[in-house]
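Undergrad: Take a look at this one; I'll ask things after.
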Amino acid sequence: MKVDNWVVSCAAALLLFIEFAATISVAPMASAAPGTAQITVLYDAFGRTSTMEKDWGYAAFIEYDGKRILFDTGNNPEILAQNAKAKGVDLTKLDFVVMSHRHGDHMGGLAYLLKVNPTVKIYAPKEAFGVYGSDLPGSFYRKDASLPPEQRYYDGGPPEIMRFGSAWPGANFQLVDKNVEITPDIHLIALVSDKPGTLELRELSLAINTPDGMVIVVGCSHPGIDKIVEAAGAINPQIHLIVGGFHLVVASDADIEKIVTALHDRFKVEYVAPGHCTGEPAFTALKQAFGDHYLYAGLGSTLALGSAAHD
């Protein structure tokens with residue numbers, strides 16, 4: 001009888017172990033599954049989800065060709081943390097980050113990101129004096145050799161390159177001022193706004209050259225969504241999908257129609273998934289123009305990349 005009790009005890013222990021192992025096996029994976037190609041919206045002010053908090057700003061998590069990319073960080077560190085957790089996105093496991101531009105509703109979550117992933121490489125726009133850091137040649141200012149050394153910058157002998165700090169000391173920023181392929185088929189488009197209110201603002205967009213065409217992820221499109229698409233089209237004229245903010249939130253109906261026509265008729269964009277600062281009237285106009293090629297991209301949405309995903 002003692003043997004029977006021992007067998008029962010062992011069986012019970014084995015069942016507990018199996019149940020425990022099962023809970024471990026369903027935990028979210030830290031790395032992208034092979035072949036995963038998708039974009040998940042982690043931060044926006046509209047959406048169907050009740051498990052994520054809506055707020056003005058933008059962040060998207062991109063998985064493509066084994067790479068895990070965070071594009072922008074939203075407006076609020078706590079909300080970014082909550083929304084990433086709700087979607088099972090591990091921000092400690094990223095290949096790199098892209099910061100589109102210097103506005104607070106896109107970079108506010110950096111405090112949380114750097115807390116959990118302090119050494120991650122962050123691509124950011126290079127500006128003369130930017131929050132992400134900058135540098136200038138020591139020759140940039142006029143000099144007067146008649147002054148005594150104590151009245152001259154660097155005693156009259158400035159360094160060849162003058163480096164200026166960022167708002168996040170120690171962060172691993174890589175500053176970008178021209179279009180560049182940062183890894184095979186993944187490009188950064190670097191443009192400068194010429195629009196009133198954001199004149200000279202530098203902005204980066206992410207362009208992925210997929211077998212179906214270019215997939216473009218935009219933050220706010222301050223330089224103009226048409227100019228971003230044109231620049232990406234120089235790499236591959238087939239534009240498969242645009243995701244993110246088109247910056248038409250305060251645009252007139254005439255300006256919205258001009259952009260919608262350019263995207264649909266001139267650039268032959270296959271799919272659009274607008275969000276953030278695109279604006280409600282522009283949502284309507286784009287949906288009317290693109291029909292079932294308009295993809296909903298509210299907070300929490302996951303867009304599978306690939307032609308079959310949109311059929």
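For the structure tokens, the naming scheme is as follows: chains receive sequential letters (A, B, ...) according to their order of presentation, residues are indexed from 1 within each chain, and ligands are indexed from 1 in presentation order.
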Which residues in segment 68-213 of chain A does DSSP call helix (DSSP H, G or I)? List them as a ChimeraX atom specification.
TA: /A:77-86,104-107,110-116,149-151,153-156
Undergrad: Within 10 Å of Ala285 of chain A, counting only C-alpha atoms, which residues show up once you throw out same-chain ones fewer than 3 positions away? Write them as number ranges by chain, please.
TA: A: 253, 256-257, 259-261, 280-282, 288-291
Undergrad: So which residues touch Val98 of chain A within 8 Å, counting only C-alpha atoms, skipping near sequence neighbours fewer than 6 positions away, as a PyMOL selection string?
TA: chain A and resi 69-72+122-124+204+206
Undergrad: Taking into account only C-alpha atoms, which residue in the set A:Lys87, A:Lys93, A:Arg48, A:His247 is nearest to Val120 of chain A?
TA: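 Residue with the minimum atom-to-atom distance to Val120 of chain A: A:Lys93.
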Undergrad: Using only C-alpha atoms, can you tell me which of A:Tyr153, A:Tyr141, A:Tyr132, A:Tyr294 comes closest to Val176 of chain A?
TA: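 Smallest distance to Val176 of chain A is found for A:Tyr132.
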Undergrad: Give me the residues within 12 Å of segment 164-172 of chain A as a PyMOL selection string, counting only C-alpha atoms and dropping any in the same chain fewer than 6 places off.
TA: chain A and resi 96-98+102+107-115+117-124+126-138
Undergrad: So how many Å separate atom CA of Tyr64 of chain A and atom CA of Asp226 of chain A, to one decimal?
TA: 24.4 Å
Undergrad: Choose the residue, out of A:Pro77, A:Gly35, A:Gly244, A:Gly233, that has the smallest atom-to-atom separation from Gly298 of chain A; count only C-alpha atoms.
TA: A:Gly244
Undergrad: Assign secondary structure with DSSP using the backbone only, and return the residues of segment 31-129 of chain A in strand (DSSP E or B) as number ranges by chain.
TA: A: 38-43, 59-64, 67-71, 96-98, 121-125
Undergrad: Find, counting only C-alpha atoms, the residue in A:Val243, A:Ile189, A:Leu286, A:Ala45 that gets nearest to Glu230 of chain A.
TA: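 Of A:Val243, A:Ile189, A:Leu286, A:Ala45, the one nearest Glu230 of chain A, counting only C-alpha atoms, is A:Ile189.
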Undergrad: With only C-alpha atoms as the basis for distance, which of A:Gly300, A:Gly156, A:Pro149, A:Gly47 is at the shortest distance from Phe61 of chain A?
TA: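 Of all the options, A:Gly300 lies closest to Phe61 of chain A.
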